[in-house]
Amino acid sequence: MKRIELAIAALLGCSAIASIAFVVIYVGGADTQGLGISLGAALAFLAAAVLLASRRLFPDTPVAEERPEFARPPEDPGVTAGPAAERAEELAGEIESPAEAITRRRLLIAAGGAAGTALGAALVVPVASLGPAVADRLHRSPWRAGLRLVDERDAAVTPAMIGARGFVTAFPEGVDKRELAAPVIVMHLDPSSLNLPPGREGWAPEGLVAYSKICTHAGCAVSIPRSPLYPPRAPRPALVCPCHYSTFDPAKGADVIFGPAGRALPQLPISIGSDGALIAAGELSGDVGPSWRGTRGGT
Amino acid sequence: MSRERAVERRGGFTQRTVRWFDDRTGSAGGVRKVLRYVFPDHWTFLLGEIALYSFVVLIGTGIFLTFFFEPSTATTTYHGAYAPLEGATVSKAFASAMNLSFDIRGGLLMRQTHHWAALVFVAAITLHLMRIFFTGAFRKPRDINYYVGVTMLMLVIVEGYAGYSLLDDLLSGMGLAIGNAVALSFPLFGADLSNLIWDGQFPGSDAFMSRLFIVHVLILPIAIATLLTIHLILVARPHHTQFAGPGTTERNAIGSALWPVYALRSIGLLFAVSGVLFALGGLIQINPIWQWGPYEPYQSTNAAQPDWYLGWLIGALRLMPPLEIRAFGSTLVPNPFFGGALFPLLLFTFLYSWPWLERRITGDRRLHNLLDRPRDNPLRTAVGSAVLTFCLIVFFAGSSDRIFLEFGIPYEGQVVALRIAVLALPVLIFLLVKRTCEELRRTEAHPLRDFPGRVVRRTPGGGYEPEP
Amino acid sequence: MIRAVSFAAIAAAALAFATGSFGQDSATPAEPDAAKIAEGRQLYVEGCSSCHGMDARGVDEQGTSLVGVGAASADFYLRTGRMPLAEPGREPQRAQPAYPEDQIEALVAYVGSLGGPPIPTVDPNAGSISRGTELFVSDCAGCHSITGEGGVVVGGFAPELHQATPTQVAEAVRIGPYLMPSFDRNQISDADLNSVARYVDEAVQDPDDRGGWGIGHLGPVPEGLVAWVLATAALLLVARLIGERSEGRGPEEKP
């Protein structure tokens, strides 16, 4: 026993030294790794000391104890209830006893049920006032015809800025960039490869297409533009989302070609303004971001 | 002579202290009963304690963090110690977390320890749940405690998600966008749910961050602590379960007394858990937000992942085919619902209803204090293994992009293969495990130690014959 | 005389080797001479013409035309070992260069003589690390990940950037290899390119790991692995050690 006590004392001593080291390191620059090692060691030595004591210093003969009465199965399996069950019966009886004073039980139960249901409905109904406001917020988009496209630093986006195989993230001029419908990704495609949905013939001047950058699956920014250097032996241009890898075909109105997204990215019609900068030529073709009950413009 | 006086002095002090408390609380009798309380022994009974002590570390480090963290989405320009972000527009929340990591003494240690503790907390709870499930500890009279535990698991997962999303860094911001999409995807009321939580369209108003903060530091910790207290009371009341062994019956509990051995073991475990967590917090980097940068809704990064305990959700969202149910001009069920909401809903429904299901299938409504070995209930073990396999495959799918980058297995191919595996493998595992359990029960062999084959020896003629 | 010249040549080669210019970042090239171009043409015919054509104008479905791609492209693809490609249609991947330094120079001289952009000059130290962060987040992180660890691009992958030299970064940005978009001077100026190269050089290749071991800079996946394989396993070991009773006798009834 004596040797164990010495060992425990030594471990406690080491723990003390480690704790002091922690304070010293904290005062002298607080290096994160040093703090972690010293505090971790202090606690580990303490753990070792306490566990050594629990195993070797104190007697640990196993002890048996009867469980409390309610948690013991009945001695005789044929008996279904013991004293615990009797106590439960008495309690149930006490809870029910005021009911003896009621003569019209059914009437009161019916009336109580009606009151409860009506109150519940009344409390839930104001949620409806969220309705039009909610839809309003989710349909909202800042894009209008004539708004200039600007980049993250508010410089006007021109076709020259986007190389033959380039892309740019653009926003409507003067709008808060954090609005979900604001960011679009503008990509340069070969005009002869375009196959946009009917009605969008003029939406892509010089092969420049613009789509909402917010994925229609779960709302991440679609930030992977796939642009083949040698088209005959590489996958065709695409917009890929890095979250769950929904893949959209920008030549075909951003139709979904792989992954879990359920609808195409909304397209923004763009044209080239008189000053050479890109401007929006209309509104987005559909609602932006993840689908919900009232999503418009799903394909 | 001095030794006797020392003993007297020591005894005197304890007696005086105990009398002091008992005079004021009348609790001496109750405390004596508590000190003699018997805890059955098995190392798997300590898993819940590992979780408990991780929670203690979370509270301690969390309190430190609340003194420095600013839960505000108001923007500021970063002028701090990390040069690559100099001049960047960041939220005050992100800036305060940067401050904690770079300028506050011990701040990064506390941040990292807090985060490691969260990961280990959920891991310990998961292992604990598996132990409870596979040994049938959830049976009467402990089914009510089992419900409390499953509820805590749910709350803890939400708590962790809320915690790392407070920092407004690129990775967690992407995670919030996805969380919003899942909320939106609930049929009929999804938009209202999202609107309620985020106070408008994602990324929401400034109120969202302060609500998230209150949920994370006040509401959920109180809820979890309350349920934890109830949980521990419900463990202590009927006494802890035990495995069948020499002298054990359904009516007794055999083990170590609380004082001194069990208390020391438990305290030792507390020190060990906190020691491991603080060592990790100092030595292994976690959530280096300065490397991710701040979040903007129009930015994202490849290889983004949620914390491990949400890996099953990202896997489900990636695996799910592009199904969206539309009718009457409405999108009734958007795609993220299946992976992000329906899957966890089904899993937790399974967890909550299993005690009832098992009672109905086996007809066993008796009280149980003795634990099953997993082989003793082949159906339960097989069902649990199948469900676990399903979840593990979905987890796998969540990181199949890294598997592609490390081993070259094409991503698209993995998606197809995993879709098949997730349906076929659980069935296979069910059959395999059920067979194995029944076999083990029959032969009473130890699954790892006993040798199921036959030893053969060479005959002089060149053939083989079995050893006698 | 010959001895002196050969000694000088060996000394120069040793010096070049010692300063690490073999197979490393390209130095600003001197004007290639006709001999170099001829040597390059010879190497080209032997190793590249089967896919890129004898006239370097490409072969349908096999290899692209090299007219106008410039020394920059040749230098990038050859120095990173992406070319020669094992078979057409495969995604070119970084590998050990197939040619030694002098042959690379010759091939680059030849392809450069066909016209196109020269090897870009880039100086990371002249760039701004914060501007580099800004650009990397907007234009590169989506594919290469914010810490430059690479990632899946459905149909291919974006490689990690730990071995990319500043020149190779600049070349890739201007060329847009395989599936990567290309960025010309109107979008990313030469000054901006210095900043991007600086981000790759510093934040990607020498990140601030003040929190300890960086575990791959991949975020929650390695973090989860550590939590399970290191922490939880260690604690299970501790639980195993303390969970068994130290004495194995049968139970005694409590008094």
# chains A, B, ... in the order shown; residues from 1 in each chain; ligands from 1
>>> residues_around(residues="region 238-240 of chain C", least_positions_apart="4", cutoff="10 Å", atoms="only C-alpha atoms", output="VMD selection string")
(chain A and resid 47 to 48 51) or (chain B and resid 42 to 47 49 to 50 265 to 266 268 to 269 272 to 273) or (chain C and resid 232 to 234 244)
>>> write_last_selection(atoms="N, CA and C atoms", output="short mmCIF file (atom, residue, chain, number, x, y, z; two decimals), in the first residue's frame")
data_model
loop_
_atom_site.label_atom_id
_atom_site.label_comp_id
_atom_site.auth_asym_id
_atom_site.auth_seq_id
_atom_site.Cartn_x
_atom_site.Cartn_y
_atom_site.Cartn_z
N ALA A 47 -6.07 12.54 -13.30
CA ALA A 47 -6.91 11.38 -13.59
C ALA A 47 -6.18 10.10 -13.19
N ALA A 48 -4.91 10.04 -13.55
CA ALA A 48 -4.13 8.83 -13.22
C ALA A 48 -4.07 8.63 -11.72
N LEU A 51 -7.53 7.57 -10.40
CA LEU A 51 -7.91 6.22 -10.84
C LEU A 51 -7.04 5.16 -10.16
N HIS B 42 -19.31 -2.26 -15.52
CA HIS B 42 -18.89 -2.74 -16.84
C HIS B 42 -18.38 -1.52 -17.56
N TRP B 43 -17.35 -1.69 -18.35
CA TRP B 43 -16.76 -0.49 -18.96
C TRP B 43 -17.73 0.21 -19.90
N THR B 44 -18.69 -0.53 -20.49
CA THR B 44 -19.62 0.13 -21.40
C THR B 44 -20.64 1.00 -20.66
N PHE B 45 -20.70 0.83 -19.31
CA PHE B 45 -21.62 1.68 -18.56
C PHE B 45 -21.03 3.08 -18.38
N LEU B 46 -19.79 3.27 -18.78
CA LEU B 46 -19.16 4.56 -18.60
C LEU B 46 -19.34 5.48 -19.80
N LEU B 47 -19.95 4.98 -20.87
CA LEU B 47 -20.09 5.80 -22.08
C LEU B 47 -20.95 7.02 -21.82
N GLU B 49 -21.22 8.52 -19.07
CA GLU B 49 -20.44 9.46 -18.27
C GLU B 49 -19.46 10.24 -19.11
N ILE B 50 -18.88 9.59 -20.11
CA ILE B 50 -17.99 10.31 -21.01
C ILE B 50 -18.76 11.46 -21.66
N ARG B 265 -13.64 6.70 -9.32
CA ARG B 265 -13.58 6.29 -10.74
C ARG B 265 -14.21 7.36 -11.61
N SER B 266 -15.36 7.85 -11.15
CA SER B 266 -16.08 8.84 -11.94
C SER B 266 -15.31 10.14 -12.03
N GLY B 268 -12.13 10.44 -11.69
CA GLY B 268 -10.98 10.15 -12.56
C GLY B 268 -11.36 10.25 -14.02
N LEU B 269 -12.55 9.75 -14.37
CA LEU B 269 -13.01 9.82 -15.75
C LEU B 269 -13.23 11.28 -16.17
N ALA B 272 -9.92 12.61 -16.94
CA ALA B 272 -9.40 12.03 -18.19
C ALA B 272 -10.08 12.66 -19.40
N VAL B 273 -11.40 12.79 -19.36
CA VAL B 273 -12.13 13.38 -20.49
C VAL B 273 -11.68 14.82 -20.71
N THR C 232 -12.24 9.58 -28.97
CA THR C 232 -13.18 8.61 -28.45
C THR C 232 -12.49 7.28 -28.19
N ALA C 233 -11.60 6.87 -29.07
CA ALA C 233 -10.89 5.62 -28.85
C ALA C 233 -10.05 5.69 -27.58
N ALA C 234 -9.38 6.84 -27.37
CA ALA C 234 -8.58 6.99 -26.15
C ALA C 234 -9.46 6.90 -24.91
N GLU C 244 -13.50 -2.24 -15.08
CA GLU C 244 -13.56 -3.58 -14.51
C GLU C 244 -13.16 -3.52 -13.05
#
>>> interface_residues(of="chain A", to="chain C", cutoff="8 Å", atoms="only C-alpha atoms", output="JSON, numbers by chain")
{"A": [32, 33, 51, 55, 56, 60, 61, 62, 63, 64, 65, 160, 161, 162, 163, 164, 165, 166, 167, 168, 169, 222, 223, 224, 225, 226, 227, 228, 229, 230, 232, 233, 234, 235, 240, 242, 245, 247]}
>>> closest_residue(among="A:Leu194, A:Ile185, A:Val124, A:Ala277", to="Leu265 (chain A)", atoms="only C-alpha atoms")
A:Ile185
>>> select_by_dssp(residues="region 267-442 of chain B", states="strand (DSSP E)", output="VMD selection string")
chain B and resid 325 to 327 330 to 333 370 to 371
>>> write_last_selection(atoms="N, CA and C atoms", output="PDB file, in the first residue's frame")
ATOM      1  N   ILE B 325     -41.917  16.794 -55.973  1.00  0.00           N
ATOM      2  CA  ILE B 325     -43.322  16.464 -56.240  1.00  0.00           C
ATOM      3  C   ILE B 325     -44.091  17.747 -56.467  1.00  0.00           C
ATOM      4  N   ARG B 326     -44.607  17.905 -57.698  1.00  0.00           N
ATOM      5  CA  ARG B 326     -45.376  19.114 -58.014  1.00  0.00           C
ATOM      6  C   ARG B 326     -46.790  18.719 -58.394  1.00  0.00           C
ATOM      7  N   ALA B 327     -47.769  19.518 -57.951  1.00  0.00           N
ATOM      8  CA  ALA B 327     -49.161  19.260 -58.339  1.00  0.00           C
ATOM      9  C   ALA B 327     -49.959  20.532 -58.130  1.00  0.00           C
ATOM     10  N   SER B 330     -48.342  23.845 -57.573  1.00  0.00           N
ATOM     11  CA  SER B 330     -47.558  24.045 -56.358  1.00  0.00           C
ATOM     12  C   SER B 330     -46.448  23.018 -56.296  1.00  0.00           C
ATOM     13  N   THR B 331     -45.330  23.415 -55.695  1.00  0.00           N
ATOM     14  CA  THR B 331     -44.294  22.421 -55.421  1.00  0.00           C
ATOM     15  C   THR B 331     -44.612  21.823 -54.061  1.00  0.00           C
ATOM     16  N   LEU B 332     -45.240  20.655 -54.057  1.00  0.00           N
ATOM     17  CA  LEU B 332     -45.692  20.093 -52.794  1.00  0.00           C
ATOM     18  C   LEU B 332     -44.536  19.601 -51.931  1.00  0.00           C
ATOM     19  N   VAL B 333     -43.604  18.897 -52.547  1.00  0.00           N
ATOM     20  CA  VAL B 333     -42.465  18.375 -51.778  1.00  0.00           C
ATOM     21  C   VAL B 333     -41.180  18.679 -52.535  1.00  0.00           C
ATOM     22  N   LEU B 370     -31.796  -7.191 -15.901  1.00  0.00           N
ATOM     23  CA  LEU B 370     -30.606  -7.849 -16.454  1.00  0.00           C
ATOM     24  C   LEU B 370     -30.533  -7.544 -17.945  1.00  0.00           C
ATOM     25  N   LEU B 371     -29.300  -7.242 -18.396  1.00  0.00           N
ATOM     26  CA  LEU B 371     -29.115  -6.873 -19.799  1.00  0.00           C
ATOM     27  C   LEU B 371     -28.978  -8.104 -20.677  1.00  0.00           C
TER      28      LEU B 371
END
>>> interface_residues(of="chain B", to="chain C", cutoff="7 Å", atoms="only C-alpha atoms", output="MDAnalysis selection string")
chainID B and resid 41:43 46 83:86 108 116 119:120 123 246:247 254 265 273 276 282:287 291:292 299:303 305:308 401 405
>>> closest_residue(among="A:Leu43, A:Val175, A:Ala182, A:Leu108", to="chain B", atoms="only C-alpha atoms")
A:Leu43
>>> residues_around(residues="region 348-359 of chain B", least_positions_apart="4", cutoff="10 Å", atoms="only C-alpha atoms", output="MDAnalysis selection string")
chainID B and resid 129 133 136:140 142:144 146:151 153:154 342:344 363:366 379:380 383:384 387
>>> select_by_dssp(residues="region 2-178 of chain C", states="helix (DSSP H, G or I)", output="ChimeraX atom specification")
/C:2-18,34-47,49-52,70-79,101-113,124-126,129-139,141-144,166-175
>>> atom_distance(atom1="CA of Gly36 (chain A)", atom2="CA of Ala279 (chain B)")
4.6 Å
>>> residues_around(residues="Pro118 (chain C)", least_positions_apart="6", cutoff="7 Å", atoms="only C-alpha atoms", output="MDAnalysis selection string")
chainID C and resid 70:72 112
>>> closest_residue(among="A:Glu90, A:Asp31, A:Glu66, A:Glu179", to="chain B", atoms="only C-alpha atoms")
A:Glu66
>>> closest_residue(among="B:Gly398, B:Leu388, B:Phe69, B:Gly461", to="Phe430 (chain B)", atoms="only C-alpha atoms")
B:Leu388
>>> residues_around(residues="Val38 (chain B)", least_positions_apart="4", cutoff="6 Å", atoms="only C-alpha atoms", output="JSON list (two decimals) with N, CA and C atoms, in the first residue's frame")
[["chain", "number", "residue", "atom", "x", "y", "z"],
["B", 255, "GLY", "N", -22.19, -4.50, -7.48],
["B", 255, "GLY", "CA", -21.18, -3.64, -8.06],
["B", 255, "GLY", "C", -20.36, -2.97, -7.00],
["B", 256, "SER", "N", -19.91, -1.78, -7.28],
["B", 256, "SER", "CA", -19.08, -1.02, -6.34],
["B", 256, "SER", "C", -19.93, 0.03, -5.67],
["B", 257, "ALA", "N", -19.60, 0.26, -4.39],
["B", 257, "ALA", "CA", -20.29, 1.33, -3.68],
["B", 257, "ALA", "C", -19.82, 2.67, -4.21]]
>>> residues_around(residues="Pro166 (chain C)", least_positions_apart="2", cutoff="9 Å", atoms="only C-alpha atoms", output="PDB file with C-alpha atoms, in the first residue's frame")
ATOM      1  CA  ASP C  25       9.918  27.425 -61.599  1.00  0.00           C
ATOM      2  CA  VAL C 122       4.861  36.887 -61.946  1.00  0.00           C
ATOM      3  CA  ASP C 123       6.171  38.147 -58.615  1.00  0.00           C
ATOM      4  CA  PRO C 124       4.163  37.048 -55.566  1.00  0.00           C
ATOM      5  CA  ALA C 164       1.978  24.895 -57.962  1.00  0.00           C
ATOM      6  CA  GLN C 168       2.360  27.725 -63.030  1.00  0.00           C
ATOM      7  CA  VAL C 169      -0.457  29.520 -61.209  1.00  0.00           C
ATOM      8  CA  ALA C 170      -0.188  32.416 -63.624  1.00  0.00           C
ATOM      9  CA  GLU C 171      -0.054  30.114 -66.632  1.00  0.00           C
ATOM     10  CA  ASN C 194       0.749  38.607 -58.476  1.00  0.00           C
ATOM     11  CA  VAL C 196      -3.379  35.414 -56.549  1.00  0.00           C
ATOM     12  CA  ALA C 197       0.055  33.804 -56.773  1.00  0.00           C
ATOM     13  CA  ARG C 198       0.874  35.241 -53.379  1.00  0.00           C
ATOM     14  CA  VAL C 200      -1.333  30.313 -53.289  1.00  0.00           C
ATOM     15  CA  ASP C 201       2.245  30.726 -52.146  1.00  0.00           C
TER      16      ASP C 201
END
>>> atom_distance(atom1="CA of Ala56 (chain C)", atom2="CA of Tyr44 (chain C)")
8.9 Å
>>> atom_distance(atom1="CA of Ser192 (chain A)", atom2="CA of Glu283 (chain A)")
24.5 Å
>>> residues_around(residues="Asn195 (chain A)", least_positions_apart="4", cutoff="10 Å", atoms="only C-alpha atoms", output="ChimeraX atom specification")
/A:191,200-201,249-253
>>> write_last_selection(atoms="C-alpha atoms", output="mmCIF file, in the first residue's frame")
data_model
loop_
_atom_site.group_PDB
_atom_site.id
_atom_site.type_symbol
_atom_site.label_atom_id
_atom_site.label_comp_id
_atom_site.auth_asym_id
_atom_site.auth_seq_id
_atom_site.Cartn_x
_atom_site.Cartn_y
_atom_site.Cartn_z
ATOM 1 C CA PRO A 191 -22.964 31.258 -79.521
ATOM 2 C CA ARG A 200 -35.255 33.434 -74.808
ATOM 3 C CA GLU A 201 -33.676 33.968 -78.199
ATOM 4 C CA ASP A 249 -26.351 23.147 -68.570
ATOM 5 C CA PRO A 250 -25.914 26.867 -69.325
ATOM 6 C CA ALA A 251 -26.400 26.362 -73.055
ATOM 7 C CA LYS A 252 -29.879 24.943 -72.436
ATOM 8 C CA GLY A 253 -31.322 27.388 -69.942
#
>>> decode(residues="region 181-212 of chain A", atoms="C-alpha atoms", output="short mmCIF file (atom, residue, chain, number, x, y, z; two decimals), in the first residue's frame")
data_model
loop_
_atom_site.label_atom_id
_atom_site.label_comp_id
_atom_site.auth_asym_id
_atom_site.auth_seq_id
_atom_site.Cartn_x
_atom_site.Cartn_y
_atom_site.Cartn_z
CA ALA A 181 -31.79 37.13 -55.89
CA ALA A 182 -29.01 39.64 -56.57
CA PRO A 183 -25.99 37.52 -57.56
CA VAL A 184 -25.86 36.11 -61.08
CA ILE A 185 -23.06 34.21 -62.75
CA VAL A 186 -22.27 35.38 -66.27
CA MET A 187 -20.53 32.86 -68.51
CA HIS A 188 -19.14 33.09 -72.01
CA LEU A 189 -20.31 30.30 -74.32
CA ASP A 190 -19.88 29.60 -77.98
CA PRO A 191 -22.96 31.26 -79.52
CA SER A 192 -23.47 28.37 -81.95
CA SER A 193 -23.80 25.94 -79.05
CA LEU A 194 -26.73 27.77 -77.47
CA ASN A 195 -30.05 25.97 -77.29
CA LEU A 196 -32.11 28.18 -74.98
CA PRO A 197 -35.77 27.52 -74.20
CA PRO A 198 -38.29 29.11 -76.58
CA GLY A 199 -38.81 32.80 -75.97
CA ARG A 200 -35.26 33.43 -74.81
CA GLU A 201 -33.68 33.97 -78.20
CA GLY A 202 -32.33 37.43 -77.45
CA TRP A 203 -31.25 36.74 -73.90
CA ALA A 204 -27.62 35.89 -74.62
CA PRO A 205 -25.73 38.53 -76.65
CA GLU A 206 -22.39 37.28 -78.01
CA GLY A 207 -22.93 33.98 -76.22
CA LEU A 208 -22.94 35.61 -72.77
CA VAL A 209 -25.48 33.89 -70.53
CA ALA A 210 -26.49 35.00 -67.04
CA TYR A 211 -28.09 32.74 -64.43
CA SER A 212 -28.90 33.15 -60.77
#
